[in-house]
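Note: the block below is my_file05.txt and it holds compact mmCIF, C-alpha atoms and all ligand atoms.
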# COMPACT_ATOMS: atom_id res chain seq x y z
CA MET A 1 188.63 47.42 5.17
CA ILE A 2 186.44 45.23 7.35
CA GLU A 3 187.00 45.88 11.02
CA PHE A 4 186.03 43.70 13.98
CA GLU A 5 186.10 45.60 17.26
CA ASP A 6 185.57 43.61 20.43
CA VAL A 7 183.03 41.39 18.71
CA THR A 8 181.35 38.73 20.83
CA LYS A 9 178.75 36.16 19.84
CA ARG A 10 176.90 34.32 22.54
CA TYR A 11 174.27 31.88 21.26
CA PRO A 12 170.95 31.63 23.16
CA ASP A 13 172.11 28.44 24.91
CA GLY A 14 175.03 30.35 26.42
CA THR A 15 177.76 29.10 24.06
CA VAL A 16 180.32 31.83 23.50
CA ALA A 17 181.32 31.15 19.89
CA VAL A 18 183.35 34.34 19.42
CA ASP A 19 184.96 36.21 22.28
CA LYS A 20 186.00 39.86 21.96
CA LEU A 21 187.43 39.45 18.51
CA SER A 22 189.29 42.48 17.17
CA LEU A 23 191.06 42.53 13.83
CA GLN A 24 191.31 44.51 10.62
CA ILE A 25 190.77 42.82 7.28
CA PRO A 26 192.49 44.82 4.54
CA SER A 27 190.68 45.55 1.27
CA GLY A 28 191.71 43.82 -1.92
CA GLN A 29 193.47 40.97 -0.15
CA ILE A 30 192.75 37.42 0.98
CA THR A 31 192.40 37.06 4.74
CA VAL A 32 192.07 33.52 6.04
CA PHE A 33 190.42 32.45 9.30
CA VAL A 34 191.89 29.14 10.37
CA GLY A 35 191.51 27.04 13.50
CA PRO A 36 190.12 23.80 14.88
CA SER A 37 186.49 22.74 14.52
CA GLY A 38 184.13 24.80 16.63
CA CYS A 39 186.51 27.74 17.13
CA GLY A 40 184.01 30.21 15.69
CA LYS A 41 185.18 30.63 12.10
CA THR A 42 181.76 30.29 10.49
CA THR A 43 180.14 32.44 13.15
CA SER A 44 182.72 35.19 12.61
CA LEU A 45 182.28 35.07 8.85
CA ARG A 46 178.50 35.17 8.96
CA MET A 47 178.43 38.13 11.30
CA ILE A 48 179.95 40.16 8.44
CA ASN A 49 176.90 39.70 6.19
CA ARG A 50 174.61 39.52 9.22
CA THR A 51 173.25 36.07 8.53
CA ILE A 52 174.28 35.76 12.19
CA GLU A 53 173.90 38.83 14.42
CA ARG A 54 176.67 39.66 16.86
CA THR A 55 175.88 39.99 20.57
CA SER A 56 178.21 42.92 21.24
CA GLY A 57 181.02 44.88 19.66
CA THR A 58 181.04 46.37 16.15
CA ILE A 59 181.78 45.16 12.66
CA SER A 60 182.27 47.88 10.11
CA ILE A 61 182.95 47.95 6.39
CA ASP A 62 184.93 50.97 5.26
CA GLY A 63 183.96 52.69 8.48
CA ASP A 64 180.21 51.98 8.29
CA ASP A 65 178.74 49.77 10.99
CA VAL A 66 177.09 46.80 9.25
CA THR A 67 174.10 47.06 11.59
CA SER A 68 173.34 50.51 10.17
CA LYS A 69 172.59 48.94 6.78
CA ASP A 70 169.58 47.12 5.45
CA PRO A 71 170.61 43.43 5.62
CA VAL A 72 169.32 42.62 2.15
CA ALA A 73 171.22 45.50 0.56
CA LEU A 74 174.28 44.59 2.63
CA ARG A 75 174.25 41.00 1.37
CA ARG A 76 173.95 42.07 -2.25
CA GLY A 77 177.35 43.69 -1.95
CA ILE A 78 178.87 40.58 -0.40
CA GLY A 79 179.35 37.30 -2.27
CA TYR A 80 179.06 34.13 -0.22
CA VAL A 81 180.44 30.71 -1.10
CA ILE A 82 180.01 27.61 1.06
CA GLN A 83 181.04 23.97 1.11
CA HIS A 84 179.08 21.88 -1.42
CA ALA A 85 178.44 25.17 -3.25
CA GLY A 86 174.81 25.40 -2.05
CA LEU A 87 173.50 25.62 -5.61
CA PHE A 88 169.79 25.61 -6.41
CA PRO A 89 169.20 22.03 -7.59
CA HIS A 90 166.26 22.84 -9.86
CA LYS A 91 168.08 25.62 -11.74
CA THR A 92 170.60 25.09 -14.52
CA VAL A 93 174.21 26.11 -14.00
CA VAL A 94 173.83 29.35 -15.95
CA ASP A 95 170.59 30.22 -14.15
CA ASN A 96 172.27 29.60 -10.81
CA VAL A 97 174.96 32.11 -11.69
CA ALA A 98 172.33 34.58 -12.97
CA THR A 99 170.32 34.48 -9.74
CA VAL A 100 171.43 37.80 -8.25
CA PRO A 101 171.59 39.77 -11.52
CA LYS A 102 167.99 38.66 -12.13
CA LEU A 103 166.98 39.87 -8.69
CA LEU A 104 168.66 43.16 -9.50
CA GLY A 105 166.52 43.38 -12.64
CA TRP A 106 169.31 43.35 -15.21
CA ASP A 107 168.09 42.72 -18.75
CA LYS A 108 168.08 39.13 -19.89
CA ARG A 109 170.76 39.33 -22.50
CA LYS A 110 173.23 41.16 -20.27
CA THR A 111 172.55 38.73 -17.42
CA ARG A 112 173.19 35.68 -19.55
CA ALA A 113 176.31 37.15 -21.12
CA THR A 114 177.69 38.01 -17.68
CA ALA A 115 176.90 34.55 -16.35
CA MET A 116 178.64 32.84 -19.27
CA GLU A 117 181.66 35.11 -18.94
CA LEU A 118 181.92 34.29 -15.24
CA LEU A 119 181.67 30.56 -15.85
CA GLU A 120 184.52 30.87 -18.29
CA ARG A 121 186.53 32.90 -15.80
CA VAL A 122 186.26 30.27 -13.07
CA GLY A 123 187.42 27.65 -15.55
CA LEU A 124 184.17 25.82 -16.20
CA ASP A 125 183.61 24.22 -19.58
CA LEU A 126 180.74 26.23 -21.14
CA LYS A 127 179.21 23.02 -22.47
CA LEU A 128 178.12 22.42 -18.87
CA ALA A 129 176.12 25.66 -18.64
CA GLU A 130 172.73 24.06 -19.32
CA ARG A 131 173.23 21.15 -16.94
CA TYR A 132 171.76 20.87 -13.45
CA PRO A 133 174.08 20.90 -10.41
CA ALA A 134 173.56 17.19 -9.71
CA GLN A 135 175.07 16.49 -13.14
CA LEU A 136 178.39 18.12 -12.18
CA SER A 137 181.36 16.88 -10.15
CA GLY A 138 182.03 18.40 -6.73
CA GLY A 139 184.86 20.53 -8.10
CA GLN A 140 182.71 21.82 -10.97
CA GLN A 141 179.93 22.69 -8.53
CA GLN A 142 182.38 24.71 -6.44
CA ARG A 143 183.41 26.65 -9.54
CA VAL A 144 179.76 27.47 -10.22
CA GLY A 145 179.41 28.54 -6.58
CA VAL A 146 182.30 30.96 -7.00
CA ALA A 147 180.88 32.29 -10.28
CA ARG A 148 177.50 32.82 -8.67
CA ALA A 149 179.03 34.72 -5.76
CA LEU A 150 180.88 36.97 -8.21
CA ALA A 151 177.83 37.66 -10.39
CA ALA A 152 176.84 41.00 -8.91
CA ASP A 153 180.51 42.04 -8.76
CA PRO A 154 180.57 42.41 -4.97
CA ALA A 155 183.52 44.15 -3.33
CA ILE A 156 183.64 41.44 -0.67
CA MET A 157 183.61 37.65 -0.93
CA LEU A 158 183.03 35.41 2.06
CA MET A 159 184.14 31.82 1.51
CA ASP A 160 183.41 29.17 4.13
CA GLU A 161 185.50 26.02 3.54
CA PRO A 162 184.60 26.19 -0.16
CA PHE A 163 187.11 23.55 -1.21
CA SER A 164 186.89 21.12 1.72
CA ALA A 165 184.62 18.55 0.13
CA VAL A 166 186.68 17.85 -2.99
CA ASP A 167 189.64 15.52 -3.42
CA PRO A 168 193.18 16.87 -2.92
CA ILE A 169 194.03 17.20 -6.60
CA VAL A 170 190.88 19.14 -7.50
CA ARG A 171 191.33 21.16 -4.35
CA HIS A 172 194.81 22.14 -5.43
CA GLN A 173 193.45 23.22 -8.85
CA LEU A 174 190.67 25.27 -7.26
CA GLN A 175 193.18 27.01 -4.99
CA GLU A 176 195.42 27.87 -7.94
CA GLU A 177 192.43 29.21 -9.88
CA LEU A 178 191.29 31.31 -6.97
CA LEU A 179 194.73 32.90 -6.73
CA ARG A 180 194.78 33.50 -10.49
CA LEU A 181 191.27 34.97 -10.40
CA GLN A 182 192.13 37.16 -7.44
CA ARG A 183 195.07 38.66 -9.34
CA ASP A 184 192.49 40.01 -11.84
CA ILE A 185 189.62 40.92 -9.57
CA GLY A 186 191.36 42.06 -6.37
CA LYS A 187 188.35 41.48 -4.12
CA THR A 188 188.36 41.62 -0.36
CA ILE A 189 188.15 37.91 0.36
CA VAL A 190 187.57 36.39 3.78
CA PHE A 191 188.27 32.69 3.53
CA VAL A 192 187.58 30.10 6.23
CA THR A 193 189.41 26.78 6.44
CA HIS A 194 190.65 24.36 9.06
CA ASP A 195 193.58 23.38 6.84
CA ILE A 196 196.77 25.26 7.70
CA ASP A 197 198.34 24.44 4.32
CA GLU A 198 195.40 26.01 2.53
CA ALA A 199 195.60 29.04 4.83
CA ILE A 200 199.30 29.52 4.13
CA LYS A 201 198.88 29.09 0.41
CA LEU A 202 195.96 31.46 -0.05
CA GLY A 203 196.24 34.03 2.70
CA ASP A 204 197.87 37.43 2.46
CA ASN A 205 197.06 37.43 6.17
CA VAL A 206 196.03 34.55 8.40
CA ALA A 207 194.01 34.76 11.61
CA VAL A 208 194.51 31.70 13.80
CA LEU A 209 191.56 31.21 16.16
CA ARG A 210 191.37 28.96 19.17
CA VAL A 211 188.22 27.32 20.53
CA GLY A 212 186.06 29.89 22.24
CA GLY A 213 186.54 32.25 19.32
CA LYS A 214 189.65 33.89 20.66
CA LEU A 215 192.23 35.28 18.28
CA ALA A 216 195.57 33.53 18.81
CA GLN A 217 197.62 35.27 16.12
CA PHE A 218 197.01 37.48 13.10
CA ALA A 219 199.92 37.73 10.68
CA PRO A 220 201.10 37.13 7.12
CA PRO A 221 201.85 33.41 6.61
CA ALA A 222 205.63 33.74 6.54
CA GLU A 223 205.53 35.55 9.88
CA LEU A 224 203.20 32.92 11.35
CA LEU A 225 205.60 30.15 10.39
CA ALA A 226 208.70 31.99 11.53
CA ASN A 227 207.34 33.36 14.80
CA PRO A 228 204.34 31.50 16.18
CA VAL A 229 203.30 33.42 19.30
CA ASP A 230 202.60 30.46 21.57
CA ASP A 231 202.41 26.67 21.83
CA PHE A 232 198.89 26.56 20.41
CA VAL A 233 199.90 28.33 17.20
CA ARG A 234 203.19 26.41 17.06
CA GLY A 235 201.25 23.14 17.31
CA PHE A 236 198.74 24.30 14.77
CA VAL A 237 201.25 25.35 12.11
CA GLY A 238 202.91 21.98 12.65
CA GLN A 239 206.26 20.30 13.23
CA ASP A 240 207.11 20.76 9.58
CA ARG A 241 206.75 24.53 9.70
CA GLY A 242 210.46 24.82 8.83
CA TYR A 243 209.76 23.09 5.54
CA ARG A 244 206.57 25.10 4.98
CA ALA A 245 208.48 28.32 5.62
CA LEU A 246 210.68 27.54 2.60
CA THR A 247 207.64 28.55 0.53
CA PHE A 248 208.58 32.13 1.31
CA VAL A 249 212.30 31.91 0.68
CA HIS A 250 213.07 33.01 -2.86
CA PRO A 251 216.79 32.77 -3.59
CA ASP A 252 217.93 35.16 -6.33
CA GLU A 253 219.40 32.42 -8.41
CA LEU A 254 220.47 28.92 -7.46
CA PRO A 255 223.91 27.85 -8.76
CA ILE A 256 222.66 25.11 -11.06
CA LYS A 257 224.88 22.38 -12.50
CA PRO A 258 224.83 21.23 -16.13
CA VAL A 259 222.15 18.74 -17.20
CA PRO A 260 223.58 15.22 -16.54
CA PRO A 261 223.80 12.78 -19.48
CA ASP A 262 221.35 10.40 -17.75
CA LEU A 263 218.52 12.87 -18.09
CA VAL A 264 216.53 11.99 -21.20
CA LEU A 265 215.23 15.00 -23.14
CA ASP A 266 212.79 15.20 -26.04
CA ASP A 267 213.55 17.13 -29.25
CA ASP A 268 212.62 20.42 -27.59
CA GLY A 269 214.92 19.79 -24.63
CA VAL A 270 212.03 19.01 -22.28
CA PRO A 271 212.93 16.29 -19.76
CA VAL A 272 211.03 13.00 -20.10
CA GLY A 273 212.76 10.66 -17.63
CA TRP A 274 216.01 9.37 -16.15
CA ARG A 275 217.97 6.66 -17.94
CA ALA A 276 218.74 3.68 -15.67
CA ASP A 277 220.20 0.27 -16.45
CA HIS A 278 217.26 -1.37 -18.19
CA GLU A 279 214.47 1.11 -17.75
CA MET A 280 213.53 4.75 -17.66
CA LEU A 281 212.84 6.23 -14.22
CA PRO A 282 210.02 8.79 -13.97
CA LEU A 283 210.67 12.47 -13.34
CA GLY A 284 209.92 14.08 -10.01
CA ALA A 285 208.79 17.65 -9.57
CA VAL A 286 210.67 20.36 -11.51
CA PHE A 287 211.28 23.98 -10.57
CA LYS A 288 212.19 27.29 -12.22
CA GLN A 289 214.79 29.87 -11.25
CA GLY A 290 212.98 32.36 -9.05
CA ASP A 291 210.70 29.72 -7.52
CA SER A 292 210.73 29.24 -3.76
CA LEU A 293 213.29 27.04 -2.05
CA ARG A 294 210.37 24.75 -1.20
CA ALA A 295 209.89 24.11 -4.92
CA ALA A 296 213.62 23.43 -5.41
CA LEU A 297 213.72 21.10 -2.40
CA ASP A 298 210.59 19.32 -3.64
CA ALA A 299 212.34 18.73 -6.96
CA VAL A 300 215.34 17.21 -5.19
CA LEU A 301 213.29 15.05 -2.81
CA THR A 302 210.99 13.66 -5.51
CA SER A 303 213.75 12.92 -7.99
CA PRO A 304 214.80 9.23 -8.31
CA THR A 305 218.41 10.39 -8.74
CA GLY A 306 218.58 13.13 -6.12
CA TRP A 307 219.03 15.74 -8.85
CA GLY A 308 216.25 18.32 -8.90
CA ILE A 309 215.61 19.57 -12.42
CA CYS A 310 215.50 23.28 -13.17
CA VAL A 311 213.47 24.23 -16.27
CA ASP A 312 212.83 27.47 -18.14
CA ASP A 313 209.44 28.98 -19.00
CA ASN A 314 209.08 26.56 -21.92
CA GLY A 315 209.73 23.53 -19.75
CA LYS A 316 213.20 23.05 -21.22
CA ALA A 317 215.81 21.63 -18.82
CA VAL A 318 218.44 24.22 -17.99
CA GLY A 319 220.28 22.45 -15.17
CA VAL A 320 220.02 20.54 -11.92
CA VAL A 321 220.55 21.06 -8.19
CA ASP A 322 221.15 18.63 -5.35
CA GLN A 323 220.39 18.79 -1.66
CA ALA A 324 223.73 20.44 -0.88
CA ILE A 325 222.98 23.36 -3.19
CA VAL A 326 219.56 23.89 -1.62
CA ALA A 327 221.03 23.63 1.89
CA GLU A 328 223.70 26.17 1.02
CA ALA A 329 221.08 28.59 -0.36
CA LEU A 330 219.16 28.22 2.88
CA ARG A 331 222.19 29.18 4.94
CA SER A 332 222.97 32.28 2.92
N1 LIG B 401 173.02 28.07 16.55
C1 LIG B 401 173.89 27.72 17.50
N2 LIG B 401 173.51 27.59 18.78
C2 LIG B 401 174.40 27.27 19.75
N3 LIG B 401 175.71 27.09 19.52
C3 LIG B 401 176.14 27.21 18.26
C4 LIG B 401 175.28 27.53 17.18
N4 LIG B 401 176.01 27.59 16.04
C5 LIG B 401 177.27 27.31 16.40
N5 LIG B 401 177.36 27.08 17.74
C6 LIG B 401 178.57 26.78 18.51
O1 LIG B 401 179.45 27.87 18.40
C7 LIG B 401 180.79 27.41 18.31
C8 LIG B 401 181.43 27.93 17.03
O2 LIG B 401 180.75 27.38 15.93
P1 LIG B 401 181.19 27.69 14.42
O3 LIG B 401 180.23 27.00 13.53
O4 LIG B 401 181.35 29.15 14.25
O5 LIG B 401 182.63 26.98 14.39
P2 LIG B 401 183.61 26.69 13.17
O6 LIG B 401 184.94 27.18 13.57
O7 LIG B 401 183.04 27.19 11.90
O8 LIG B 401 183.66 25.08 13.17
P3 LIG B 401 183.84 24.05 11.94
O9 LIG B 401 185.30 24.06 11.58
O10 LIG B 401 183.43 22.74 12.53
O11 LIG B 401 182.95 24.50 10.82
C9 LIG B 401 180.73 25.90 18.40
O12 LIG B 401 180.94 25.52 19.73
C10 LIG B 401 179.30 25.59 17.99
O13 LIG B 401 178.84 24.39 18.57
MG MG B 402 182.41 26.24 10.15
Just dump the structure as structure tokens.
Ligand SMILES: Nc1ncnc2c1ncn2[C@@H]1O[C@H](COP(=O)(O)OP(=O)(O)OP(=O)(O)O)[C@@H](O)[C@H]1O
Ligand SMILES: [Mg+2]
Amino acid sequence: MIEFEDVTKRYPDGTVAVDKLSLQIPSGQITVFVGPSGCGKTTSLRMINRTIERTSGTISIDGDDVTSKDPVALRRGIGYVIQHAGLFPHKTVVDNVATVPKLLGWDKRKTRATAMELLERVGLDLKLAERYPAQLSGGQQQRVGVARALAADPAIMLMDEPFSAVDPIVRHQLQEELLRLQRDIGKTIVFVTHDIDEAIKLGDNVAVLRVGGKLAQFAPPAELLANPVDDFVRGFVGQDRGYRALTFVHPDELPIKPVPPDLVLDDDGVPVGWRADHEMLPLGAVFKQGDSLRAALDAVLTSPTGWGICVDDNGKAVGVVDQAIVAEALRS
């Protein structure tokens, strides 16, 4: 656990970036700091690895005050990922990932093998390993940044807006991969973003900060959406928080209706489109039994026919729902 107790950061010019922040970041989970620009997210994050020193209060990791440790040793146990990845431009991808293991004096073969394994884990094509960062896309660079931060197998990962500079589709992929990776590695991840959707998607717990570095609310995402503590948090989680909250509603089983004859299936029973008068209409989103109500509602809202398609694990159509079925599930 990482614990902030009454932590304040006042910069030399008098700016109070963080004001008496107290919270407990559980081990093995993703904790997200979210809030508007300038609210002290980066400052809070960097006080953990002491790349910024706090003015007062204590930050401890598993009970040990971080100021009692040698900063260099402290940082070796803490991975750090930033926007634009911050890769060394003159080193190849694999050498970037191997940076810390090399510093730790691991033997060459082990270092390289570890680096390649990590690149594979973060979903990077190994053909790119000998390239230089400038020869990669933004999303690929972020993957390398994550691999590099994981290289020394730190217990803690600090991530400061790591996915902010990539387009929405790549961002979505990187978020999914982080969640998948985290299921294997179970690190203590502190993740900074100003995007409430990203916070809700990734966080086991979310700390909403307001300008001046004051904690507004610290709660699991479902709780944040259901019970924002004040107008600031309510405004921040948005007007559409009701819709967002459906992410956390998992009906046991929706009463699906039979697949309508207008739904065109391929030989394996996988839907390909909707038959209309002279054309085929494209599919919208599909969902599976057990998915959230948000997924089911998405399927309904994006369908050209108003029927949201339910598929099985093989993508085979098993039935459909309409808005009324989703609304009924929401009431029960
Ligand atoms: N070195 C510094 N000297 C003086 N003030 C600073 C310094 N670094 C940051 N600040 C101020 O401290 C406050 C918090 O900054 P911080 O970078 O932690 O915010 P942030 O939440 O990460 O913002 P953003 O979302 O824009 O990255 C801001 O008002 C900022 O201007
Ligand atoms: Mg910042």
Set up a box along x, y and z of the file covering all listed atoms of region 264-273 of chain A, add 8 Å on every one of the six sides, and write the centre and edge lengths in Å to one decimal, as lines of an AutoDock Vina configuration file.
center_x = 213.8
center_y = 15.5
center_z = -23.4
size_x = 21.5
size_y = 25.8
size_z = 27.6
Please provide the set of residues having any atom within 10 Å of Ile169 (chain A), restricted to all atoms listed in the file, with same-chain residues fewer than 5 positions apart removed, written as a PyMOL selection string.
chain A and resi 139+174-175
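Closest approach to Pro258 (chain A) from the set A:Asp291, A:Val321, A:Pro220, A:Ser27 is made by A:Val321, with distances taken over only C-alpha atoms.
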Please work out which residues fall within 12 Å of (180.6, 36.8, 19.9), coordinates as given in the file, with all atoms listed in the file counting, and return them as an NGL selection string.
:A and (4-12 or 14-22 or 39-48 or 52-59 or 212-215)
Of the candidates A:Asp266, A:Asp240, A:Asp160, A:Asp184, which one gets nearest to ligand MG 402 (chain B) if we count all atoms listed in the file?
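Of A:Asp266, A:Asp240, A:Asp160, A:Asp184, the one nearest ligand MG 402 (chain B), counting all atoms listed in the file, is A:Asp160.
Residue nearest Asn205 (chain A), chosen from A:Pro26, A:Ile2, A:Arg183, A:Pro304 and counting all atoms listed in the file: A:Pro26.
Near region 120-134 of chain A, within a cut-off of 8 Å and counting all atoms listed in the file, sit the residues Leu87, Phe88, Pro89, His90, Lys91, Thr92, Val93, Val94, Gln140, Gln141, Arg143, Val144, Val146, Ala147, Glu177, Leu178 and Leu181 of chain A, with same-chain residues fewer than 6 positions away left out.
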Got time to write the residues from that selection, C-alpha atoms, as a CSV table (one decimal), in the frame of the given file?
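Below you can see result.csv, which holds the result:
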chain,number,residue,atom,x,y,z
A,87,LEU,CA,173.5,25.6,-5.6
A,88,PHE,CA,169.8,25.6,-6.4
A,89,PRO,CA,169.2,22.0,-7.6
A,90,HIS,CA,166.3,22.8,-9.9
A,91,LYS,CA,168.1,25.6,-11.7
A,92,THR,CA,170.6,25.1,-14.5
A,93,VAL,CA,174.2,26.1,-14.0
A,94,VAL,CA,173.8,29.4,-16.0
A,140,GLN,CA,182.7,21.8,-11.0
A,141,GLN,CA,179.9,22.7,-8.5
A,143,ARG,CA,183.4,26.6,-9.5
A,144,VAL,CA,179.8,27.5,-10.2
A,146,VAL,CA,182.3,31.0,-7.0
A,147,ALA,CA,180.9,32.3,-10.3
A,177,GLU,CA,192.4,29.2,-9.9
A,178,LEU,CA,191.3,31.3,-7.0
A,181,LEU,CA,191.3,35.0,-10.4
What lies within 9 Å of Val318 (chain A) using all atoms listed in the file, ignoring chain neighbours under 5 positions off, as a list in words?
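Answer for this query is Ile256, Lys257, Pro258, Val259, Gly269, Ile309, Cys310, Val311 and Asp312 of chain A.
From CA of Leu301 (chain A) back to CA of Leu263 (chain A), the distance works out to 16.3 Å.
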Between A:Met116, A:Val286, A:Val34, A:Val229, which has the minimum distance to ligand LIG 401 (chain B) (counting only C-alpha atoms and all ligand atoms)?
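Checking each of A:Met116, A:Val286, A:Val34, A:Val229 against ligand LIG 401 (chain B), counting only C-alpha atoms and all ligand atoms, the winner is A:Val34.
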Among the residues A:Ala207, A:Met1, A:Ile82, A:Ala324, the one that comes closest to Ser164 (chain A) [using all atoms listed in the file]:
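For Ser164 (chain A), the nearest of the given residues is A:Ile82.
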Minimum-distance residue to Arg244 (chain A), chosen among A:Ala199, A:Ala285, A:Ile185, A:Leu209 (using only C-alpha atoms):
A:Ala199
Repaired coordinates for region 242-263 of chain A (N, CA and C atoms) as a compact mmCIF listing (two decimals), keeping the file's coordinate frame:
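Saved file out_2.txt follows:
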# COMPACT_ATOMS: atom_id res chain seq x y z
N GLY A 242 209.18 24.42 9.44
CA GLY A 242 210.46 24.82 8.83
C GLY A 242 210.42 24.57 7.33
N TYR A 243 209.90 23.42 6.95
CA TYR A 243 209.76 23.09 5.54
C TYR A 243 208.74 24.00 4.87
N ARG A 244 207.60 24.22 5.55
CA ARG A 244 206.57 25.10 4.98
C ARG A 244 207.12 26.51 4.77
N ALA A 245 207.96 26.94 5.70
CA ALA A 245 208.48 28.32 5.62
C ALA A 245 209.34 28.51 4.37
N LEU A 246 209.87 27.41 3.82
CA LEU A 246 210.68 27.54 2.60
C LEU A 246 209.86 28.08 1.43
N THR A 247 208.54 27.98 1.54
CA THR A 247 207.64 28.55 0.53
C THR A 247 207.93 30.03 0.31
N PHE A 248 208.41 30.67 1.38
CA PHE A 248 208.58 32.13 1.31
C PHE A 248 210.02 32.56 1.14
N VAL A 249 210.89 31.57 0.92
CA VAL A 249 212.30 31.91 0.68
C VAL A 249 212.54 31.82 -0.83
N HIS A 250 212.82 32.98 -1.41
CA HIS A 250 213.07 33.01 -2.86
C HIS A 250 214.51 33.41 -3.10
N PRO A 251 215.39 32.42 -3.31
CA PRO A 251 216.79 32.77 -3.59
C PRO A 251 216.86 33.49 -4.93
N ASP A 252 217.80 34.42 -5.05
CA ASP A 252 217.93 35.16 -6.33
C ASP A 252 218.11 34.18 -7.46
N GLU A 253 219.10 33.36 -7.34
CA GLU A 253 219.40 32.42 -8.41
C GLU A 253 220.18 31.27 -7.80
N LEU A 254 219.73 30.06 -8.00
CA LEU A 254 220.47 28.92 -7.46
C LEU A 254 221.60 28.58 -8.43
N PRO A 255 222.78 28.23 -7.89
CA PRO A 255 223.91 27.85 -8.76
C PRO A 255 223.68 26.46 -9.34
N ILE A 256 223.00 26.40 -10.49
CA ILE A 256 222.66 25.11 -11.06
C ILE A 256 223.86 24.46 -11.75
N LYS A 257 223.83 23.13 -11.79
CA LYS A 257 224.88 22.38 -12.50
C LYS A 257 224.35 21.97 -13.87
N PRO A 258 225.27 21.62 -14.78
CA PRO A 258 224.83 21.23 -16.13
C PRO A 258 223.91 20.00 -16.08
N VAL A 259 223.06 19.88 -17.09
CA VAL A 259 222.15 18.74 -17.20
C VAL A 259 222.96 17.46 -17.33
N PRO A 260 222.79 16.46 -16.44
CA PRO A 260 223.58 15.22 -16.54
C PRO A 260 223.18 14.39 -17.75
N PRO A 261 224.09 13.59 -18.29
CA PRO A 261 223.80 12.78 -19.48
C PRO A 261 222.66 11.77 -19.28
N ASP A 262 222.42 11.37 -18.02
CA ASP A 262 221.35 10.40 -17.75
C ASP A 262 219.95 10.97 -17.91
N LEU A 263 219.85 12.27 -17.96
CA LEU A 263 218.52 12.87 -18.09
C LEU A 263 218.11 12.82 -19.56
